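What's in input39.csv: CSV, C-alpha atoms and all ligand atoms
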```csv
chain,number,residue,atom,x,y,z
K,216,MET,CA,-21.5,17.0,11.0
K,217,SER,CA,-18.1,17.0,9.4
K,218,LYS,CA,-16.9,19.3,6.8
K,219,LYS,CA,-18.1,18.3,3.3
K,220,PHE,CA,-15.4,16.8,1.1
K,221,SER,CA,-15.7,16.0,-2.6
K,222,PHE,CA,-12.1,14.9,-3.4
K,223,PHE,CA,-11.0,11.7,-1.5
K,224,PHE,CA,-7.4,10.6,-1.4
K,225,LEU,CA,-6.9,7.1,-0.1
K,226,ASP,CA,-4.0,5.0,0.9
K,227,LEU,CA,-4.1,1.3,-0.2
K,228,ASP,CA,-2.0,-1.0,2.0
K,229,ASP,CA,-3.4,-1.7,5.5
K,230,THR,CA,-6.1,0.9,4.9
K,231,LEU,CA,-8.4,-0.8,2.3
K,232,TYR,CA,-7.3,-4.3,3.4
K,233,SER,CA,-5.5,-5.8,6.3
K,234,TYR,CA,-1.8,-6.1,5.4
K,235,GLU,CA,-0.3,-8.4,8.0
K,236,PRO,CA,-2.2,-11.7,7.3
K,237,CYS,CA,-1.4,-11.2,3.6
K,238,HIS,CA,2.3,-10.6,4.3
K,239,GLU,CA,2.5,-13.6,6.6
K,240,ALA,CA,0.9,-15.8,4.0
K,241,GLY,CA,3.3,-14.4,1.3
K,242,LEU,CA,6.3,-15.0,3.4
K,243,THR,CA,5.2,-18.6,4.2
K,244,GLY,CA,4.7,-19.2,0.5
K,245,LEU,CA,8.2,-17.9,-0.3
K,246,ILE,CA,9.8,-20.0,2.4
K,247,ASN,CA,7.8,-23.1,1.4
K,248,PHE,CA,8.9,-22.7,-2.2
K,249,ALA,CA,12.6,-22.5,-1.1
K,250,VAL,CA,12.3,-25.4,1.3
K,251,THR,CA,10.6,-27.6,-1.3
K,252,ASN,CA,12.5,-26.7,-4.4
K,253,LEU,CA,15.9,-25.6,-3.2
K,254,SER,CA,16.5,-27.9,-0.2
K,255,LEU,CA,17.0,-25.1,2.2
K,256,THR,CA,15.9,-24.9,5.9
K,257,ARG,CA,13.1,-22.6,6.9
K,258,GLU,CA,15.3,-20.9,9.3
K,259,SER,CA,18.0,-20.0,6.7
K,260,VAL,CA,15.4,-18.6,4.3
K,261,LEU,CA,13.7,-16.5,7.0
K,262,VAL,CA,17.1,-15.1,8.2
K,263,ALA,CA,18.1,-14.3,4.6
K,264,TYR,CA,14.7,-12.7,3.9
K,265,LYS,CA,14.9,-10.5,7.0
K,266,SER,CA,18.5,-9.4,6.3
K,267,ALA,CA,17.8,-8.8,2.6
K,268,ARG,CA,14.8,-6.6,3.4
K,269,LYS,CA,16.8,-4.6,5.9
K,270,GLU,CA,19.6,-4.1,3.4
K,271,ILE,CA,17.3,-3.0,0.5
K,272,ASN,CA,15.2,-0.8,2.8
K,273,ALA,CA,18.3,1.0,4.1
K,274,ARG,CA,19.8,1.4,0.6
K,275,LEU,CA,16.6,2.6,-1.1
K,276,THR,CA,14.8,4.5,1.7
K,277,GLY,CA,12.2,6.9,0.3
K,278,GLN,CA,12.0,5.0,-3.0
K,279,ALA,CA,9.3,2.7,-4.3
K,280,ALA,CA,11.8,-0.1,-4.9
K,281,SER,CA,12.7,-0.2,-1.2
K,282,HIS,CA,9.6,-2.5,-0.9
K,283,SER,CA,10.3,-4.6,-4.0
K,284,ARG,CA,9.9,-8.3,-3.2
K,285,LEU,CA,11.8,-9.0,-6.4
K,286,LEU,CA,14.8,-7.1,-5.1
K,287,TYR,CA,14.5,-9.0,-1.7
K,288,ALA,CA,14.3,-12.3,-3.6
K,289,LYS,CA,17.4,-11.4,-5.7
K,290,GLU,CA,19.3,-10.4,-2.5
K,291,ILE,CA,18.2,-13.7,-0.9
K,292,CYS,CA,19.6,-15.6,-3.9
K,293,GLU,CA,22.9,-13.7,-3.6
K,294,ARG,CA,23.1,-14.4,0.1
K,295,LEU,CA,22.3,-18.1,-0.1
K,296,GLY,CA,24.4,-18.8,-3.2
K,297,LEU,CA,21.4,-19.5,-5.5
K,298,SER,CA,21.2,-18.7,-9.2
K,299,VAL,CA,19.8,-15.1,-9.3
K,300,VAL,CA,18.4,-15.6,-12.8
K,301,ASN,CA,16.7,-19.0,-12.1
K,302,TYR,CA,15.2,-18.3,-8.7
K,303,SER,CA,14.6,-14.5,-8.0
K,304,MET,CA,11.4,-14.4,-10.0
K,305,PRO,CA,10.0,-17.7,-8.7
K,306,LEU,CA,10.6,-16.7,-5.1
K,307,GLU,CA,8.9,-13.3,-5.8
K,308,LYS,CA,6.0,-15.1,-7.4
K,309,ALA,CA,5.6,-17.5,-4.5
K,310,TYR,CA,5.4,-14.5,-2.2
K,311,TRP,CA,2.7,-12.6,-4.2
K,312,ASP,CA,0.7,-15.6,-5.1
K,313,HIS,CA,0.1,-16.5,-1.5
K,314,PHE,CA,-0.3,-12.8,-0.4
K,315,PHE,CA,-3.1,-12.4,-2.9
K,316,ILE,CA,-5.0,-15.5,-1.6
K,317,LYS,CA,-5.4,-13.7,1.7
K,318,MET,CA,-6.2,-10.3,0.4
K,319,VAL,CA,-9.8,-9.1,0.9
K,320,LEU,CA,-11.3,-5.7,1.2
K,321,ARG,CA,-12.1,-4.5,4.7
K,322,GLU,CA,-15.8,-4.3,5.6
K,323,ASP,CA,-17.8,-1.5,3.8
K,324,VAL,CA,-14.8,-0.3,1.7
K,325,LEU,CA,-16.7,-1.1,-1.5
K,326,LYS,CA,-19.9,0.5,-0.2
K,327,PHE,CA,-17.9,3.6,0.8
K,328,LEU,CA,-16.1,3.9,-2.6
K,329,GLU,CA,-19.3,3.3,-4.6
K,330,SER,CA,-21.2,5.9,-2.5
K,331,ILE,CA,-18.5,8.4,-3.4
K,332,LYS,CA,-18.8,7.6,-7.1
K,333,ALA,CA,-22.6,7.8,-6.9
K,334,ARG,CA,-22.3,11.3,-5.7
K,335,LYS,CA,-20.0,12.2,-8.6
K,336,TRP,CA,-17.2,13.0,-6.1
K,337,LYS,CA,-13.6,12.1,-7.0
K,338,LEU,CA,-11.3,9.4,-5.8
K,339,ALA,CA,-7.5,9.2,-5.9
K,340,LEU,CA,-5.4,6.3,-4.7
K,341,VAL,CA,-2.0,7.6,-3.3
K,342,THR,CA,0.2,4.6,-2.6
K,343,ASP,CA,3.8,3.8,-1.9
K,344,LEU,CA,5.3,0.9,-3.9
K,345,THR,CA,5.9,-0.1,-7.5
K,346,THR,CA,3.1,0.5,-10.0
K,347,GLU,CA,3.0,-3.1,-11.3
K,348,ILE,CA,2.2,-4.7,-8.0
K,349,GLN,CA,-0.2,-2.0,-6.8
K,350,LEU,CA,-2.2,-2.4,-10.1
K,351,LYS,CA,-2.3,-6.1,-9.5
K,352,LYS,CA,-3.6,-5.6,-6.0
K,353,LEU,CA,-6.4,-3.2,-7.2
K,354,SER,CA,-7.3,-5.7,-9.9
K,355,HIS,CA,-7.5,-8.6,-7.4
K,356,LEU,CA,-9.6,-6.5,-5.1
K,357,GLY,CA,-11.9,-5.5,-8.0
K,358,ILE,CA,-11.8,-1.8,-7.2
K,359,GLY,CA,-9.4,-0.4,-9.7
K,360,ASP,CA,-11.9,1.2,-12.0
K,361,LEU,CA,-13.5,3.1,-9.1
K,362,PHE,CA,-10.5,5.4,-8.8
K,363,ASP,CA,-10.3,8.5,-11.0
K,364,VAL,CA,-6.6,8.7,-10.4
K,365,ILE,CA,-4.0,6.2,-9.2
K,366,VAL,CA,-0.6,7.5,-8.2
K,367,THR,CA,2.3,5.4,-6.9
K,368,SER,CA,5.5,6.5,-5.3
K,369,GLU,CA,7.3,4.9,-8.3
K,370,GLU,CA,5.8,7.4,-10.7
K,371,ALA,CA,6.0,10.3,-8.2
K,372,GLY,CA,9.7,9.6,-7.7
K,373,LYS,CA,9.2,10.0,-3.9
K,374,GLU,CA,7.3,8.2,-1.2
K,375,LYS,CA,4.8,9.7,1.3
K,376,PRO,CA,5.1,11.9,3.3
K,377,ALA,CA,6.8,13.8,0.5
K,378,THR,CA,4.7,16.6,-1.0
K,379,GLU,CA,5.5,15.5,-4.5
K,380,ILE,CA,3.3,12.4,-4.4
K,381,PHE,CA,0.3,14.3,-3.0
K,382,ASN,CA,0.8,17.0,-5.5
K,383,LEU,CA,0.9,14.6,-8.5
K,384,ALA,CA,-2.4,13.0,-7.4
K,385,PHE,CA,-3.9,16.4,-6.7
K,386,ARG,CA,-3.0,17.8,-10.1
K,387,LYS,CA,-4.1,14.7,-12.0
K,388,LEU,CA,-7.5,14.8,-10.1
K,389,LYS,CA,-7.8,18.6,-10.7
K,390,ALA,CA,-8.9,18.8,-7.1
K,391,GLU,CA,-9.5,21.8,-4.8
K,392,LYS,CA,-7.5,21.9,-1.5
K,393,PHE,CA,-10.4,23.1,0.7
K,394,SER,CA,-12.6,20.1,-0.3
K,395,SER,CA,-9.8,17.4,-0.3
K,396,VAL,CA,-9.2,14.8,2.3
K,397,MET,CA,-6.7,12.0,2.7
K,398,ILE,CA,-7.4,8.8,4.7
K,399,GLY,CA,-4.6,6.4,5.6
K,400,ASP,CA,-3.2,4.1,8.3
K,401,ASN,CA,0.3,5.6,8.6
K,402,TYR,CA,0.2,8.7,10.7
K,403,GLU,CA,3.4,10.3,9.6
K,404,LYS,CA,3.1,9.4,5.9
K,405,ASP,CA,-0.6,9.7,5.2
K,406,VAL,CA,-1.9,12.2,7.8
K,407,LEU,CA,1.1,14.5,8.4
K,408,GLY,CA,2.2,14.2,4.8
K,409,ALA,CA,-1.3,15.3,3.5
K,410,ARG,CA,-1.5,18.1,6.0
K,411,ALA,CA,1.9,19.4,5.1
K,412,PHE,CA,0.7,19.5,1.5
K,413,GLY,CA,-2.3,21.6,2.6
K,414,ILE,CA,-5.2,19.2,2.6
K,415,SER,CA,-7.3,17.7,5.4
K,416,ALA,CA,-6.5,14.2,6.7
K,417,TYR,CA,-8.1,11.5,8.7
K,418,TYR,CA,-6.1,8.8,10.5
K,419,PHE,CA,-7.3,5.2,9.9
K,420,GLY,CA,-6.9,4.0,13.4
K,421,THR,CA,-6.9,5.4,16.9
K,422,LYS,CA,-4.4,7.9,18.2
K,423,GLU,CA,-4.3,9.9,21.4
K,424,GLY,CA,-4.7,13.6,20.9
K,425,GLU,CA,-5.8,13.1,17.2
K,426,THR,CA,-9.4,14.1,16.7
K,427,HIS,CA,-9.7,13.2,13.0
K,428,CYS,CA,-9.7,9.4,13.3
K,429,ILE,CA,-11.9,6.7,11.7
K,430,ASN,CA,-11.7,3.1,12.8
K,431,SER,CA,-13.6,1.4,9.9
K,432,PHE,CA,-15.2,2.2,6.6
K,433,THR,CA,-18.6,1.9,8.3
K,434,ASP,CA,-17.3,4.8,10.4
K,435,ALA,CA,-16.2,6.6,7.2
K,436,ILE,CA,-19.6,6.3,5.7
K,437,GLN,CA,-21.0,8.1,8.8
K,438,VAL,CA,-18.4,10.8,8.8
K,439,PHE,CA,-18.1,11.7,5.1
K,440,LEU,CA,-21.3,10.8,3.4
H,1,MG,MG,-0.8,2.1,4.4
```
Just give me the structure as structure tokens.
Amino acid sequence: MSKKFSFFFLDLDDTLYSYEPCHEAGLTGLINFAVTNLSLTRESVLVAYKSARKEINARLTGQAASHSRLLYAKEICERLGLSVVNYSMPLEKAYWDHFFIKMVLREDVLKFLESIKARKWKLALVTDLTTEIQLKKLSHLGIGDLFDVIVTSEEAGKEKPATEIFNLAFRKLKAEKFSSVMIGDNYEKDVLGARAFGISAYYFGTKEGETHCINSFTDAIQVFL
């Protein structure tokens, strides 16, 4: 029997849905747009995407905009000599349009979230990335209204594992530390970040030496409900 929690803090990306197939589809969509409309080779677009992402990640480490596909697209345009104004937004749109097509909730996520709501417990989403795209993801997944509080790293000013983002969600939720738990797939950001803030945390995945792990939301229902 696990400890009883009534305030649940959840990560979004790669926790509530599987990220990699979505990203692969998004990247293929972006590349196909460039090949079809801009007469570029797949290889040149892929190389530009990878180097653009590396550059933006390095420059904006710890900030929500470090993940911005619009900034990656703008950087791609600059690197390939394309019009930034004409093509940054269409490239970004091609990425997200194809990303969303693949995005589905993991098994039992909805059942888990609805069970929490049915018990009148509280739910916060604590997520790195910009607010606009995270709200679009929640809308697409059809789970946005189940969260009492949604906090992005853009509005917190810092990314996980920084205490600020957990603290902002915690304050908005009016939670109690002893009955709060964070669940996420990134050990350093989600698990160690939440513990450093002073709440319990479970790792979504398997890790040697870590006893607080869940491997699915079917598992989570068993552990927490
Ligand atoms: Mg994640």
Would you list the residues that come within 7 Å of ligand MG 1 (chain H)? Count only C-alpha atoms and all ligand atoms and give the answer as a compact mmCIF listing (two decimals) with C-alpha atoms, in the frame of the given file.
```
# COMPACT_ATOMS: atom_id res chain seq x y z
CA ASP K 226 -4.00 5.00 0.90
CA LEU K 227 -4.10 1.30 -0.20
CA ASP K 228 -2.00 -1.00 2.00
CA ASP K 229 -3.40 -1.70 5.50
CA THR K 230 -6.10 0.90 4.90
CA GLY K 399 -4.60 6.40 5.60
CA ASP K 400 -3.20 4.10 8.30
CA ASN K 401 0.30 5.60 8.60
```
Interatomic distance (Å, one decimal) between atom CA of K:Ser298 and atom CA of K:Leu350: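 We find that atom CA of K:Ser298 and atom CA of K:Leu350 lie 28.5 Å from each other.
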Contacts of K:Ser221 at 7 Å (all atoms listed in the file; same-chain gap of 2+ positions) as a PyMOL selection string: chain K and resi 219+223+336-337+394-395
All residues 12 Å or closer to K:Glu307, only C-alpha atoms, same chain fewer than 6 positions away omitted, as a PyMOL selection string: chain K and resi 241-246+248-249+264+282-292+299+301+313-314+348
12 Å contact set for K:Gly359, all atoms listed in the file, chain neighbours under 4 positions out, as a PyMOL selection string: chain K and resi 227+325+328-329+338-340+349-355+363-366
Of the listed residues K:Ser254, K:Asn382, K:Ser233, K:Asn272, that which approaches K:Met318 most closely, counting only C-alpha atoms: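 Once distances to K:Met318 are computed over only C-alpha atoms, the minimum belongs to K:Ser233.
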Point-to-point distance in Å for atom CA of K:Arg268 and atom CA of K:Asp343: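 Pair atom CA of K:Asp343 / atom CA of K:Arg268 returns 16.0 Å.
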Å distance separating atom CA of K:Ala240 from atom CA of K:Asp405, one decimal place: 25.6 Å
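Residue nearest K:Leu261, chosen from K:Arg294, K:Cys237, K:Gly420, K:Glu374 and counting all atoms listed in the file: K:Arg294.
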Residue nearest K:Ser259 among K:Pro305, K:Gly296, K:Gly372, K:Gly424 (counting only C-alpha atoms): K:Gly296
